[in-house]
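Remarks on the structure that follows.
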Amino acid sequence: MELLKLNQKSAFTPTTIPLPSSKSESNRVLIIDALTEGQNTIENLAEARDTQTMIRLLQTNPPVYDVLDAGTTMRFLTAYAAVTNQNKVMTGTARMCQRPIGILVDALREIGAEIHYMNVEGYPPLAVHGLSEQTKSAVKIRGDVSSQYISAMLMIAPILPKGLEIELEGKVGSRTYIEMTLELMAKFGINYTWEKNTIKVENQAYQPTQFMVESDWSGASYWFSLLACADSGQLFLKGLKENSLQGDSKVVEIMSKLGVKSSFQKDGVLLEKIPVEGLEEFDFTHCPDLAQTVAVTCAIIGQNSKFTGLESLRIKETDRIYALQQELAKFNAELKEIEPEVFQVIPSVTMPHEVKIHTYDDHRMAMAFMPLLTKTQVLIEDPDVVNKSYPSFWKHCQLAGIDLSNHES
């Protein structure tokens with residue numbers, strides 16, 4: 001097992017981090033671009049493996065769409081293949097084939113798509129056989145499992161002959177990602193209405209557009225965390241906008257309670273240390289990808305915090321709740337379920353002289369635990385796992401003055 005050693009460092013001189021582009025925005029505009037047959041000018045696409053996989057599959061159009069471990073790529077391309085009336089096999093890694101897709105398949109079948117499961121009902125691999133005739137113009141989709149199913153249906157809605165009305169059932173999770181999808185569609189000329197729990201998109205044409213992808217707020221969160229955990233420092237994160245479409249920009253508000261002040265400037269945001277106010281509780285329903293980062297931060301800086309809205313974490317790249325519990329325990333911290341779906345972060349009181357972090361094939365585990373180097377030496381297993389969303393992450397750590405070296409396991 002490859003190990004990366006991060007030597008302890010608690011003070012950081014002013015550094016500019018050239019953040020990667022948003023994977024979430026990139027993957028959505030790539031589908032919109034494909035639905036308009038590439039008439040757009042798209043700039044600053046993400047270097048993330050998920051996005052590069054999407055680009056490669058759309059360009060080469062193979063009979064098998066192997067998405068590797070990319071969740072958005074699997075969900076978005078399934079809907080895309082159906083609405084463009086293609087015959088495709090949809091598959092991915094072993095873990096990808098354990099991640100549910102039944103809610104999306106049911107919705108696509110309801111409007112007329114022909115899709116078969118090739119192995120286990122409700123999970124990839126799938127055989128998509130197109131959508132020759134739209135049979136319904138309204139569907140109901142659960143809102144509490146994955147916003148990606150809803151986004152996948154929304155992006156194909158304008159080119160459906162009868163348009164589409166989606167009624168979101170129950171609690172709506174990751175609402176900001178649905179809003180991002182709709183706002184991106186609007187930038188490409190699409191009109192929609194969202195009243196109460198019903199989103200309506202009429203049949204209409206996407207308009208050719210010039211679009212620049214913003215920097216990635218999820219990737220930014222690790223730098224906020226690093227500064228929160230450090231004794232001193234200043235960081236400038238390039239390419240972030242104050243009025244972002246990305247839900248993970250919520251990290252500004254969260255980290256203001258954990259000792260990081262954000263000042264927006266023309267080409268990014270300046271992060272500076274301020275006194276810790278304290279984060280008593282937070283609901284991650286609409287920004288679940290921040291949960292690991294914030295849990296680790298609270299555990300390191302001594303914040304006893306209560307978290308809710310973590311339900312979707314169990315069906316991500318790994319069971320992220322289990323993974324957090326295992327790795328926090330290595331430096332005597334806890335993520336304790338105090339009542340159903342309510343978790344308490346119990347911070348560390350004693351820090352070992354070295355901590356080895358297992359990453360569970362999950363890019364966010366590697367990056368979320370990086371700030372632990374402010375308190376002790378850290379060993380990261382399988383460091384290349386960051387390539388899924390942020391291939392330049394370790395290079396950017398070196399920019400910040402962090403001493404990295406390969407370590408024999």
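Simple scheme: letters A, B, ... for chains in structure tokens order, numbers from 1 for residues in each chain, numbers from 1 for ligands in the order shown.
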
Considering only C-alpha atoms, give me a table of residues in segment 287-337 of chain A that are at most 10 Å from segment 210-234 of chain A, with the closest atom pair and distance in Å for each, as a Markdown table.
| residue | atom | partner | partner_atom | distance |
| --- | --- | --- | --- | --- |
| A:Cys287 | CA | A:Ser218 | CA | 9.3 |
| A:Asp289 | CA | A:Ser218 | CA | 6.9 |
| A:Leu290 | CA | A:Ser218 | CA | 6.9 |
| A:Gln292 | CA | A:Tyr222 | CA | 9.8 |
| A:Thr293 | CA | A:Tyr222 | CA | 6.5 |
| A:Val294 | CA | A:Ser225 | CA | 7.3 |
| A:Ala295 | CA | A:Ser225 | CA | 9.9 |
| A:Val296 | CA | A:Ser225 | CA | 8.3 |
| A:Thr297 | CA | A:Ser225 | CA | 5.8 |
| A:Cys298 | CA | A:Cys229 | CA | 8.8 |
| A:Ala299 | CA | A:Cys229 | CA | 9.8 |
| A:Ile300 | CA | A:Cys229 | CA | 6.6 |
| A:Ile301 | CA | A:Cys229 | CA | 6.0 |
| A:Gly302 | CA | A:Cys229 | CA | 9.8 |

- request: Any chance you could list, as a PyMOL selection string, the residues in segment 140-357 of chain A that come up strand (DSSP E) when DSSP is run on the backbone?
  value: chain A and resi 140-142+164-169+193-195+198-201+210-212+234-238+260-265+268-273+281-283+305-308+334-339+342-346+354-357

Can I get the selection written as a PDB file, in the first residue's frame, with C-alpha atoms?
ATOM      1  CA  LYS A 140     -42.639  11.705  -8.788  1.00  0.00           C
ATOM      2  CA  ILE A 141     -39.113  11.346  -7.369  1.00  0.00           C
ATOM      3  CA  ARG A 142     -38.043  10.987  -3.750  1.00  0.00           C
ATOM      4  CA  LEU A 164     -41.415  17.255 -17.842  1.00  0.00           C
ATOM      5  CA  GLU A 165     -42.987  17.959 -14.486  1.00  0.00           C
ATOM      6  CA  ILE A 166     -41.163  16.519 -11.466  1.00  0.00           C
ATOM      7  CA  GLU A 167     -42.865  16.299  -8.079  1.00  0.00           C
ATOM      8  CA  LEU A 168     -40.301  15.938  -5.288  1.00  0.00           C
ATOM      9  CA  GLU A 169     -41.623  13.638  -2.577  1.00  0.00           C
ATOM     10  CA  THR A 193     -40.895  27.011 -12.703  1.00  0.00           C
ATOM     11  CA  TRP A 194     -40.409  25.604  -9.189  1.00  0.00           C
ATOM     12  CA  GLU A 195     -43.463  25.978  -6.992  1.00  0.00           C
ATOM     13  CA  THR A 198     -43.026  20.708  -8.206  1.00  0.00           C
ATOM     14  CA  ILE A 199     -40.508  21.664 -10.896  1.00  0.00           C
ATOM     15  CA  LYS A 200     -41.848  22.152 -14.414  1.00  0.00           C
ATOM     16  CA  VAL A 201     -39.757  22.393 -17.595  1.00  0.00           C
ATOM     17  CA  GLN A 210     -20.222  30.822 -23.707  1.00  0.00           C
ATOM     18  CA  PHE A 211     -19.637  29.584 -20.154  1.00  0.00           C
ATOM     19  CA  MET A 212     -16.690  29.602 -17.739  1.00  0.00           C
ATOM     20  CA  GLN A 234      -3.132  33.356   5.628  1.00  0.00           C
ATOM     21  CA  LEU A 235      -4.370  31.759   2.386  1.00  0.00           C
ATOM     22  CA  PHE A 236      -5.759  33.213  -0.849  1.00  0.00           C
ATOM     23  CA  LEU A 237      -8.037  30.872  -2.827  1.00  0.00           C
ATOM     24  CA  LYS A 238      -8.246  31.793  -6.518  1.00  0.00           C
ATOM     25  CA  VAL A 260     -11.624  31.608   9.609  1.00  0.00           C
ATOM     26  CA  LYS A 261     -12.601  34.999   8.176  1.00  0.00           C
ATOM     27  CA  SER A 262     -13.342  35.219   4.419  1.00  0.00           C
ATOM     28  CA  SER A 263     -12.806  38.443   2.448  1.00  0.00           C
ATOM     29  CA  PHE A 264     -13.929  38.308  -1.185  1.00  0.00           C
ATOM     30  CA  GLN A 265     -11.761  40.060  -3.737  1.00  0.00           C
ATOM     31  CA  GLY A 268     -10.885  34.971  -5.220  1.00  0.00           C
ATOM     32  CA  VAL A 269     -11.212  34.919  -1.447  1.00  0.00           C
ATOM     33  CA  LEU A 270      -8.678  35.750   1.286  1.00  0.00           C
ATOM     34  CA  LEU A 271      -8.735  33.532   4.395  1.00  0.00           C
ATOM     35  CA  GLU A 272      -7.450  34.858   7.727  1.00  0.00           C
ATOM     36  CA  LYS A 273      -7.430  33.559  11.311  1.00  0.00           C
ATOM     37  CA  GLU A 281     -24.824  22.307  15.581  1.00  0.00           C
ATOM     38  CA  PHE A 282     -25.175  22.180  11.815  1.00  0.00           C
ATOM     39  CA  ASP A 283     -27.553  20.519   9.322  1.00  0.00           C
ATOM     40  CA  SER A 305     -20.648  19.883  17.723  1.00  0.00           C
ATOM     41  CA  LYS A 306     -23.929  18.227  16.777  1.00  0.00           C
ATOM     42  CA  PHE A 307     -24.509  17.234  13.115  1.00  0.00           C
ATOM     43  CA  THR A 308     -27.692  16.268  11.260  1.00  0.00           C
ATOM     44  CA  GLU A 334     -15.510  10.347  18.035  1.00  0.00           C
ATOM     45  CA  LEU A 335     -18.504  10.791  15.738  1.00  0.00           C
ATOM     46  CA  LYS A 336     -21.191   9.356  17.975  1.00  0.00           C
ATOM     47  CA  GLU A 337     -24.810   8.714  16.964  1.00  0.00           C
ATOM     48  CA  ILE A 338     -26.629  10.135  19.986  1.00  0.00           C
ATOM     49  CA  GLU A 339     -30.114   9.539  18.546  1.00  0.00           C
ATOM     50  CA  VAL A 342     -28.124  12.837  14.986  1.00  0.00           C
ATOM     51  CA  PHE A 343     -24.354  12.768  15.489  1.00  0.00           C
ATOM     52  CA  GLN A 344     -22.070  14.367  18.051  1.00  0.00           C
ATOM     53  CA  VAL A 345     -18.431  15.186  17.320  1.00  0.00           C
ATOM     54  CA  ILE A 346     -16.453  14.492  20.485  1.00  0.00           C
ATOM     55  CA  GLU A 354       1.678   9.776  14.309  1.00  0.00           C
ATOM     56  CA  VAL A 355      -1.673   8.867  12.699  1.00  0.00           C
ATOM     57  CA  LYS A 356      -2.164   6.615   9.660  1.00  0.00           C
ATOM     58  CA  ILE A 357      -5.366   7.398   7.735  1.00  0.00           C
TER      59      ILE A 357
END

- prompt: Separation of atom CA of Lys5 of chain A and atom CA of Phe393 of chain A, in Å?
  reply: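 Interatomic distance, atom CA of Lys5 of chain A to atom CA of Phe393 of chain A: 14.3 Å.
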
Atom CA of Ile321 of chain A to atom CA of Phe369 of chain A, distance in Å rounded to a single decimal: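 Distance between the two atoms: 14.1 Å.
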
task: Tell me which protein, DNA and RNA residues are within 7 Å of segment 35-50 of chain A, counting only C-alpha atoms, leaving out same-chain ones fewer than 4 positions away, and put them as a PyMOL selection string.
output: chain A and resi 20-23+26+31+54+70+73+206+208-213+387-391

query: Please, what distance in Å, to one decimal, runs between atom CA of Asp33 of chain A and atom CA of Gln246 of chain A?
result: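 Straight-line distance from atom CA of Asp33 of chain A to atom CA of Gln246 of chain A works out to 19.4 Å.
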
- prompt: Between A:Asn191, A:Thr181, A:Gln204, A:Ser10, which has the minimum distance to Ala152 of chain A (counting only C-alpha atoms)?
  reply: A:Thr181

- prompt: Where in segment 136-317 of chain A does DSSP assign helix (DSSP H, G or I), given as a PyMOL selection string?
  reply: chain A and resi 147-159+175-187+217-229+247-257+288-301+311-315

Mind dumping the selected residues with C-alpha atoms as a PDB file, in the first residue's frame?
ATOM      1  CA  SER A 147     -30.184  15.052  -5.890  1.00  0.00           C
ATOM      2  CA  GLN A 148     -28.237  13.585  -8.833  1.00  0.00           C
ATOM      3  CA  TYR A 149     -31.299  11.567  -9.928  1.00  0.00           C
ATOM      4  CA  ILE A 150     -33.338  14.784 -10.026  1.00  0.00           C
ATOM      5  CA  SER A 151     -30.602  16.745 -11.822  1.00  0.00           C
ATOM      6  CA  ALA A 152     -30.265  13.963 -14.421  1.00  0.00           C
ATOM      7  CA  MET A 153     -34.001  14.149 -15.196  1.00  0.00           C
ATOM      8  CA  LEU A 154     -34.047  17.956 -15.237  1.00  0.00           C
ATOM      9  CA  MET A 155     -31.251  18.295 -17.800  1.00  0.00           C
ATOM     10  CA  ILE A 156     -33.033  16.034 -20.308  1.00  0.00           C
ATOM     11  CA  ALA A 157     -36.452  17.641 -19.651  1.00  0.00           C
ATOM     12  CA  PRO A 158     -36.256  20.466 -22.253  1.00  0.00           C
ATOM     13  CA  ILE A 159     -35.645  18.063 -25.131  1.00  0.00           C
ATOM     14  CA  ARG A 175     -31.394  21.240  -2.600  1.00  0.00           C
ATOM     15  CA  THR A 176     -28.533  23.548  -3.586  1.00  0.00           C
ATOM     16  CA  TYR A 177     -27.373  21.010  -6.200  1.00  0.00           C
ATOM     17  CA  ILE A 178     -30.860  20.968  -7.776  1.00  0.00           C
ATOM     18  CA  GLU A 179     -30.804  24.789  -7.762  1.00  0.00           C
ATOM     19  CA  MET A 180     -27.352  24.716  -9.398  1.00  0.00           C
ATOM     20  CA  THR A 181     -28.659  22.443 -12.174  1.00  0.00           C
ATOM     21  CA  LEU A 182     -31.641  24.703 -12.858  1.00  0.00           C
ATOM     22  CA  GLU A 183     -29.560  27.906 -12.788  1.00  0.00           C
ATOM     23  CA  LEU A 184     -27.027  26.384 -15.201  1.00  0.00           C
ATOM     24  CA  MET A 185     -29.892  25.331 -17.497  1.00  0.00           C
ATOM     25  CA  ALA A 186     -31.188  28.935 -17.313  1.00  0.00           C
ATOM     26  CA  LYS A 187     -27.767  30.225 -18.399  1.00  0.00           C
ATOM     27  CA  TRP A 217     -15.898  25.157  -3.354  1.00  0.00           C
ATOM     28  CA  SER A 218     -15.660  21.523  -2.186  1.00  0.00           C
ATOM     29  CA  GLY A 219     -11.930  21.638  -2.928  1.00  0.00           C
ATOM     30  CA  ALA A 220     -11.710  25.013  -1.172  1.00  0.00           C
ATOM     31  CA  SER A 221     -13.115  23.536   2.050  1.00  0.00           C
ATOM     32  CA  TYR A 222      -9.865  21.679   2.867  1.00  0.00           C
ATOM     33  CA  TRP A 223      -7.924  24.949   2.880  1.00  0.00           C
ATOM     34  CA  PHE A 224     -10.477  26.574   5.182  1.00  0.00           C
ATOM     35  CA  SER A 225     -10.031  23.552   7.462  1.00  0.00           C
ATOM     36  CA  LEU A 226      -6.225  23.751   7.330  1.00  0.00           C
ATOM     37  CA  LEU A 227      -6.281  27.384   8.428  1.00  0.00           C
ATOM     38  CA  ALA A 228      -8.878  26.681  11.148  1.00  0.00           C
ATOM     39  CA  CYS A 229      -6.579  23.989  12.587  1.00  0.00           C
ATOM     40  CA  GLY A 247     -23.944  24.773  -2.296  1.00  0.00           C
ATOM     41  CA  ASP A 248     -20.564  24.057  -0.734  1.00  0.00           C
ATOM     42  CA  SER A 249     -19.925  27.826  -0.597  1.00  0.00           C
ATOM     43  CA  LYS A 250     -21.753  27.356   2.745  1.00  0.00           C
ATOM     44  CA  VAL A 251     -18.261  26.591   4.078  1.00  0.00           C
ATOM     45  CA  VAL A 252     -17.740  30.369   4.457  1.00  0.00           C
ATOM     46  CA  GLU A 253     -20.503  30.569   7.066  1.00  0.00           C
ATOM     47  CA  ILE A 254     -19.464  27.352   8.847  1.00  0.00           C
ATOM     48  CA  MET A 255     -15.778  28.245   9.067  1.00  0.00           C
ATOM     49  CA  SER A 256     -16.517  31.799  10.279  1.00  0.00           C
ATOM     50  CA  LYS A 257     -17.668  30.021  13.475  1.00  0.00           C
ATOM     51  CA  PRO A 288     -23.254  16.768   2.558  1.00  0.00           C
ATOM     52  CA  ASP A 289     -19.816  16.900   0.886  1.00  0.00           C
ATOM     53  CA  LEU A 290     -18.663  19.323   3.602  1.00  0.00           C
ATOM     54  CA  ALA A 291     -19.487  16.963   6.469  1.00  0.00           C
ATOM     55  CA  GLN A 292     -16.169  15.084   6.555  1.00  0.00           C
ATOM     56  CA  THR A 293     -14.136  18.308   6.417  1.00  0.00           C
ATOM     57  CA  VAL A 294     -16.107  19.962   9.223  1.00  0.00           C
ATOM     58  CA  ALA A 295     -16.178  16.834  11.411  1.00  0.00           C
ATOM     59  CA  VAL A 296     -12.390  16.509  11.250  1.00  0.00           C
ATOM     60  CA  THR A 297     -11.919  20.258  11.875  1.00  0.00           C
ATOM     61  CA  CYS A 298     -14.146  20.192  14.969  1.00  0.00           C
ATOM     62  CA  ALA A 299     -12.385  17.075  16.273  1.00  0.00           C
ATOM     63  CA  ILE A 300      -8.962  18.738  15.899  1.00  0.00           C
ATOM     64  CA  ILE A 301      -9.770  22.177  17.327  1.00  0.00           C
ATOM     65  CA  GLU A 311     -28.176  10.363   5.650  1.00  0.00           C
ATOM     66  CA  SER A 312     -26.770  10.448   2.091  1.00  0.00           C
ATOM     67  CA  LEU A 313     -23.210   9.865   3.376  1.00  0.00           C
ATOM     68  CA  ARG A 314     -23.855   6.128   3.655  1.00  0.00           C
ATOM     69  CA  ILE A 315     -24.226   5.693  -0.140  1.00  0.00           C
TER      70      ILE A 315
END

message: Excluding Gln86 of chain A and its own-chain neighbours fewer than 4 positions away, which residues fall within 8 Å of it when counting only C-alpha atoms? Please give them as an MDAnalysis selection string.
response: chainID A and resid 81:82 128:130

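Restricting the calculation to only C-alpha atoms, the smallest distance between Glu133 of chain A and any of A:Glu110, A:Asp69, A:Glu121, A:Glu317 is found for A:Glu110.
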
Shortest interatomic distance to Ala368 of chain A - which of A:Val276, A:Met351, A:Ile17, A:Leu328, counting only C-alpha atoms: A:Leu328

- request: Between A:Val29, A:Val67, A:Val83, A:Val349, single out the one closest to Ala329 of chain A, counting only C-alpha atoms.
  value: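 Under the stated criterion, the closest residue is A:Val349.
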